[in-house]
Structures are given as C-alpha cells and as structure tokens.
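Asker: Here it is, the structure in full.
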Amino acid sequence: MRLRAGVAIYVVPLLVLMLVAFDVPIVLMLAQSVLSPHPTVAHWAELADSPIYLRVLGNTFQVATITAVVCGLIGYPLAYWMRGLRPGMQLVVVTLVLLPFWISILVRTYAWIVVLGNNGIVNRSLMGLGFTDRPVAFLYNQLGVTIGTTNVLLPFLVLPLFAAMLKIDERLLQAAATLGAPRRAIFWRVFFPLSLPAFAAGLVLVFILTLGFYVTPAILGGGRVPMIANMLDVLINTLPRWELAAAISTVLLAATLALYAVYRTIAARAA
Amino acid sequence: MGAIEFDGVGKRYGAVHAVHDLSVAVAEGEFVTILGPSGSGKTTILSLVAGLVPPTAGRILIAGRDVTNLEPQERRIGLVFQSYALFPHLSVHGNVAFPLAVRGRPRDEIGTKVAAALARVRLAGLDRRRPAQLSGGQQQRVALARAFVFEPDILLLDEPLGALDRKLREEVQVELKALQRDLGITTLLVTHDQEEALSLSDRVIVLDHGRMQQVGTPDEVYRHPANRFVAGFLGLANLLEGTVEAGGVLRLASGEAVACDPRGRPPGARAAGVVRPERMRLLPESAGEGLAARVRQTVYLGHLQRWHLETADGRELVAAATDGVRAAAVGEAVRVAWSAEDVWLLPDESGEAAAPRPALAAMAPVA
Amino acid sequence: MRITRRELLATGGALTAGLAAPGILRAQQVKEIRIIEAGGKSGESMEPYIKPFTDATGIKVVRESPNPFGKLRSLVQSGQNDIVLFELGSTGKEQAKALDLIEPLDWAAIQPDAMFPEAKDPMGFGWQYYSTLLAWRSDAKTPKNWADFFNTKDFPGKRTMQDRPYGLPYALLADGVPADKLYPLDLDRAFKVMDRVKKDVSVWWSAGAQPPQLLKDNEVQYAVSYSGRVAGQPGISYTYEQAILDLAYLVVPKGARPADKAAAMRLLRDYSKAANQLEAAKVISYTGPSPDLPAMLPKDKMAEFPTVHREKQIIHNVKWWFDNADLVEKRWQQFKLSL
C-alpha cells in the first residue's frame, strides 16, 4: 500500500500507537508461553499432554458455532424484514435492536432467569395453560447458554447486515425481475449472494465474540458448559499459570485468525 | 416481438404528475426514443412499461396484451438500466445466462444462446470476467446482451449511452441501431441527448413536465417542431416573433420583413417562426438582402463553425455552417439571410411559450 | 483442622492504641491512598473502618474494585506503586507470596487490637471472615450435614454447588472422612462421591448471588452457599455445621511508596478495632478478626455470623490448596467435562 506523505503524517503515529500499545503487549503475553521463566517448550508440552484444555477449547468452538448459527437464523430474516420497512419504522426497529446494549450484560443475564426459570413467566404460563405439567428446562444447559449468547450478540450480526442490505442496489433486484426471475429466484440468485459477505462477516464476528464469553455461559449454562474464557480466568487469576494461559491464548488466536482467513477468502470470492 | 400501446397512461406521486395522460403507440419493430430533459418523466414511462411502478391511470399494452397489472417478470421485456445493473457477483456468462436460467432452460441451450448473444455484442471470450473487470462500454454491451438473449417482446433502454465517453458513444450508437435492426425488436429508448434521439430513432417522443409535446420522425420533430419547447430542446433555434402580413411576410417588431410560408395564417395574426442556425447564411454587409447584424462571438466546433450575432434591435441570432465557408470575425458587421421555406411558423399562432394543448396530443400519429 | 479457644486467646489481649502516628503522616503529606477490594456490599462494609481513619488523619481512602489476582500481578510486574492495599483470598495471598508480589506488613506499626491468629499473617491482614456452608429451602426436608446433602435418596431435590473444586472436602466429609483427617484430600474418593451426586446438581454457580436466588426460585432445594448471602434471608435455612471458614486478606503490593504504606498500616489499626468491625457487620453478615466481636454482636442476629461458630467449622487449608492447585484444577475440569 502506498501512502502519500500528507496522509502518513496522520496515519503513522496511530500505527505506532497500535503497535506499541496493542500488538507488542499481545506478542509479549503470548511469548510467555515459550519464554517464561526461561526459553522452554514445557508449557506447550503440558498443553499437548492435557487433552482437558483442548476439549474445553473444542467445547467453546461448539458453543460459538451454535450461537453463530442461531444468530444467523434469527438475524438474517430480521435484517431482511427491517430493510423492507418505512425509514421511520426502520429507525424504531434499529433502536429496539440496540436497546439491549444499554442494559448491563449481567442484568440481562439475570433477567433471563426471571423470564425462563422454573418459576419464570414462561414456565408459569405454559403450566397455567396446561401445555406442560413440569417446568421446561430452558436454563442451566446448552439451551440456556445459546439463549443468553444469542440475546447479547444478535445486534452484532443484525446491524451490519441491515446496513449492508440497505446498500444493495434496488435496481439489481428490479433488473432481475424484468429478466423474468420469480421472487424466490431474485432472493436466492441475487439478493442473498450480495448480502453474503456481510452475513458471513456477521457470523464470524458473533463466533469470535462468543469465544470470549464469560458471564453468560457461566450463569445461564449452570456451569455445565465449560468455556475457554472461564478456564483462562482460572489460569490467570486462581492458579495462576500465565504461561499455560498464554499457550492456550495462542491456540485461540491462531484458530481465530485461521477462521478470519477463511472468511476473507469467501468474501474475496463473493466480491 | 410486439407493439407497445399507451392508453391514457398517467402516474402521480401525490400532487405531482410525473406522467400525464399519455396516449401513443409504438409499432412492432419500431425504434422509438423518448426525449426530454431530466425530470420530464421519461424514466417513469420506462418504469411503467417495465412494471417497476404501477400507473395511476390508463392501460399499457405490449404485443396486444394488457400488461397494466402484470408483474415485471410476466411482461417479457428486456430492460437495460442506465447503471447497467449488472449482477456484480456473477460473471459475464452468469449475467447473460440469468434470464434463461431463471426460466429453467436446459444447460446446453443456455450455453449456445449466451455464446451467440456475447458474440453479437462482440464480447466473445470475456465470459469468465466479472463486471468490475470490464470497461464501461463492455459492461453496457453485457447489459444489452442480457436484455435480448431471452428474446423478449420489447427492448427498453434507459439512457444506455449516458455513461460512455463521446467517441465510444458514437460507435455504440451505430452498433445499437444495427443490432436493433437485425433483431427486429420493438425498442423504446429514453434519453436527454437530442443527437442520440435523432440518430437512432424511427420516431421521437418529446416529453416535458410529464406531458408529450410532440411525436414524429427525427426529421419532423427537428424541422417542424410543434412548439417553442420542442424547437429549443432539439438543437439551437432562432426564434423570430412578429405579425403575419399578406404575401408570405412575417413583420418583426424591428419593422423588418421576413419571408415565410404562412401556412394559412390570416394577415395580422401574431406568429413565431423558427429558423435553424445551419439554414442561416452570412453575407457581407454590402449584400442587398437579409437582416443587418454584428458578430458577437464565434465558436469553432471542427466540423462546424458557429457565429453568435446581434441584430440592430438587440436580439440574438445564431448562424452555423460547415467548416470552410467564409469566416466573419468578431465585431464585423454582416447581413444574415435565409430562404422562406426555412422558416417554420410554430403551429401555436401566438408563439407564446409551450403551454400544453390537446391539439398537440392529437397531432401524434397513433399507429 | 479445628482451632481451640486456647489457641485463639494466645495472641489475644489488647495492645495500646497508636501514638503520634497521625502527626507524622501529615508531615509526610500523604493526601490519599488507594486500595483495591472485592466490591459490592463487602466493599461498602469497609467504610466503617475508613471513616474513623480519615477523620483522625485527614487522609482520604480511594476504593477500587474488582480485585482479580491478575490485576495485582500486572500492577506489580509493571512497576506501579499507586496501590497500597489489595484484597486477596487466602490462597491468593499464598500465591502472591510465592510469586514475590507482596511485601510484609509492619505489624509493629499497625499495633492492632486482639486478632484471631490466622488473621495476623506476616504478609496479610485477615480482615473479613466468611463461611461456605450448607443452605436449603426451609420447606425442604432439613439436612443435618454434608452426608445428608450428598444423600439424594433420602433428601430428594436439586442441588447447587460452587463451580470450583472447593466443595471437594464436603464430599469427603459426607463419605465419612473425619474432619481432622481431611487433608491431604483424597481426590479419587472425593470425585467418586461427586460423580454420585452430579446428576442432581442442576447449577454449578460462579457468582455468590446465585445460590440464594436459585433457592428462592425453587430451582434447587439444597445449596452450597456463602454464609453472608443466605444469612437473614426469609425462606432459607442454613447450618454452620462442617462449614468451611476462610478469610479475606489485605496485602501490600510490592513497591508501594513507604509513606503510603505507613498510612496503610495506620488504616489497618482501625480494621482491628472490634467497634468498627461491629459497624461493618451491620452492612454485611461477615465478621472481622477480633475475638471480642462475637460477644458484641446483637443477640438475635448472632447466629448469622461466621466467627460465632468457629468450633463447628473447618478452617480452609490454604497450604494444601496452594501446593496442589494445578493437579486439582485438571481433575476438576475433567470432572466438569463429564457432566
């Protein structure tokens, strides 16, 4: 990339700041896995010898995948529906989608307990209406985790996707119609492929954000759904084994970057 | 292939008439251009034909079929958007194959037809490219191939040449005309470029403020404009206002007499005559005929030379001639003359600005 | 290991109050000191100690929270010296000591009132006792001890336990291991008992607020809970029988400014005063380190407080947990993945 001198004056300090304040500390942190207390591969050997850590990592990827898929299944139709609204209504709905951002994640997590617990509104309604004799177990399992993470992360998928959908040229859809494409074909052959890069980006974003989730899986999962962030917390704050945490973080970062590379490849092919 | 009929078609957006009571027919195989300034409603007409917006009044028939309430998908039209609206995620092949694919045509038929269409627009071999990898002219030809590959009843072109540079535009005009003739497809083109309209069309519909001002062959609308707007929109026009006198004379306010064909106007009627610049001849000051004028400015256009003149009473006239004729310098006193048959008295006897009249619409030859 | 009354009193006995320390401090012009604590109600319960200190010395105390161990480590390793006191759990204090992150307290300067022995650590001031105990819905069949908690046949209902391995001693106690033979923990045996009960543990909690809420919502009937969270809660019963008694320490991060540290030592003297501890106990049902405090607590509420029941409880074995942290953690994660 070529930079003009005038631009460089503004950009270079920021790049240096990023490098010094962000990248270097990360590298130093990760380097602990091979340099602390002296150059060694012992921590990596321990990680390899302890399938338990990799299993928790795998479990985390599974939760992230489920969350991304559920967010996608809910978020895509939601964004599509929003695109068709009048601008005034769009503003209202965007505000509603954003509203949860203004409420602390902890409050939202506990709110789900009030709504979905054994004594919660939903279960009492279901039992009152005679749909079920005993409370449905919405919480303290994988379902609870998925509900919690989806609730928190849905806006991260919906808002960029909605913005991208608004940018899709209406004339392309009109062109498809004049060329004889039925509504379904317009959607699947034109609209969906054009929204795919933003959709994929949203899914990857949700996936990556889920990897770092902490409070929600711990509480709504009833502690039954081990996540890597909780384990890192233990390794950093309780044991403390920063070297091992650094090794696991390196694996996590590498996996995330690999995923990002996959996404870039898809996006480049789509563009 | 089929004709297009507009029967009292109107389109209102709230209180605004985008298109007002349009009744005109395009014959089968005919190339008709809708010409008008921006905001005149010409693109709305195209959208109405394509079914992208519903009319608020009247009916539209394509090939004898009332399509007024049909979806765009059902209208069998090929539309080339001004922006081309090529699908960016599909290759050239994918774009051109699109209308065939959505119709569920067999793969080998699609292959054959797409290849033929691409060959017809001289794009053979580029079928793997993405639209973003093509030049503007190539994109335009892809859009064209995509619009005719499925053999629609009619072809609609929305400012198809607008985005091309001048030299390319002239080339494409020739190609487009040849293509339309080969395909024999009824074509409705929308443009604000009068040269494009005149050079391409069998007939031109001139539009202003949503109302049709005139319809006719390029020659008719150029030489015999229906009103002041048409006269002014199709090239430069010298307007001479005065009173008709016996013996084929238009008496100007300055007192000078201009020879003309009154076409039945009674003496004493007020009238406005139009003389095209290229019909005006520049003569030396000593010449015995014509109006006295002074050269204010000269404009050299290569194939043409234009002189902006000012008459004794301060009116402006423009004369033009092919390059090579005697040049008059700025400030030089000249006389400017023309033949009586070159003066076209606007049908509107008062010569007032073009308020639309039912008489104008009635002039439109409905096929 | 149980603590006898005799041991408690060994270090007891009032010391004389501080001398001219406030004057010295003012001369050094310390205007404020910063401490990092656990936050929440526990943090609020520090005010009864801070107010008399500030009144006497004019030094403001700025509280920050939360207090993860990693924060202490990065503070010290990055060379900062702004924070003069840091709240840590008992195991955290051992780890900080091992990693050389904290420096000894100057007990001579503190001149504390009487304190329980484990609270008067060279490296930390044990300021707040808390218990982790057995609690249940008052309408459920009343359990007497951990054997009943782990007996899901005779005490049917759902359980909640902490999402950490600290509940393993309960499993061993339930399996018949005597309290004085608990350590070293027999992990195989403990996990065997855990395996037996795990299907009835519907929630493994990570926040102290969860157990009382889960009991109230009838999500679970029996719970392992922090004492302060269930004390005085209507509809919830609890017992200090075989509860684990632990305490939170205030430590001095290495490199703290000497003047600040001197002020902090003066502050800790106020932490040792039973009168202040009594005020703090009104904010939250945990107790300070004074052996005189239990007798001062209001009679009707006395049963709520951890140190009142010292003899029934087991003191958290910091050393064993510190020495075996890695091993226990791996076994624990393995167990969690088997759920």
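Following the order of the structure tokens, first chain is A, next is B, and so on, with residues numbered from 1 inside each chain and ligands from 1 in the order they appear.
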List the spatial neighbours of stretch 134-140 of chain C as a PyMOL selection string - criterion: any atom at most 9 Å away, only C-alpha atoms, same-chain residues fewer than 2 positions off excluded.
Answerer: chain C and resi 132+142-146+149+155-157+211-212+215-216+218+220-227+230+234-243
Asker: Specify as a ChimeraX atom specification all residues of chain A found within 6 Å of chain C, counting only C-alpha atoms.
Answerer: /A:119,222-223,236-237,239
Asker: Between atom CA of C:Gly43 and atom CA of C:Tyr286, measure the distance and give it in Å to one decimal.
Answerer: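 Calculated distance between atom CA of C:Gly43 and atom CA of C:Tyr286 is 11.7 Å.
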Asker: For C:Gly124, work out the shell of residues within 12 Å, counting only C-alpha atoms and skipping chain neighbours fewer than 2 positions away, then give it as a ChimeraX atom specification.
Answerer: /C:85-94,96-97,102-107,110,117-122,126-128,247-253,265,268
Asker: Compare A:Leu205, A:Met127, A:Met29, A:Leu35 by their minimum atom-to-atom distance to A:Tyr260, counting only C-alpha atoms, and give me the closest one.
Answerer: A:Leu205
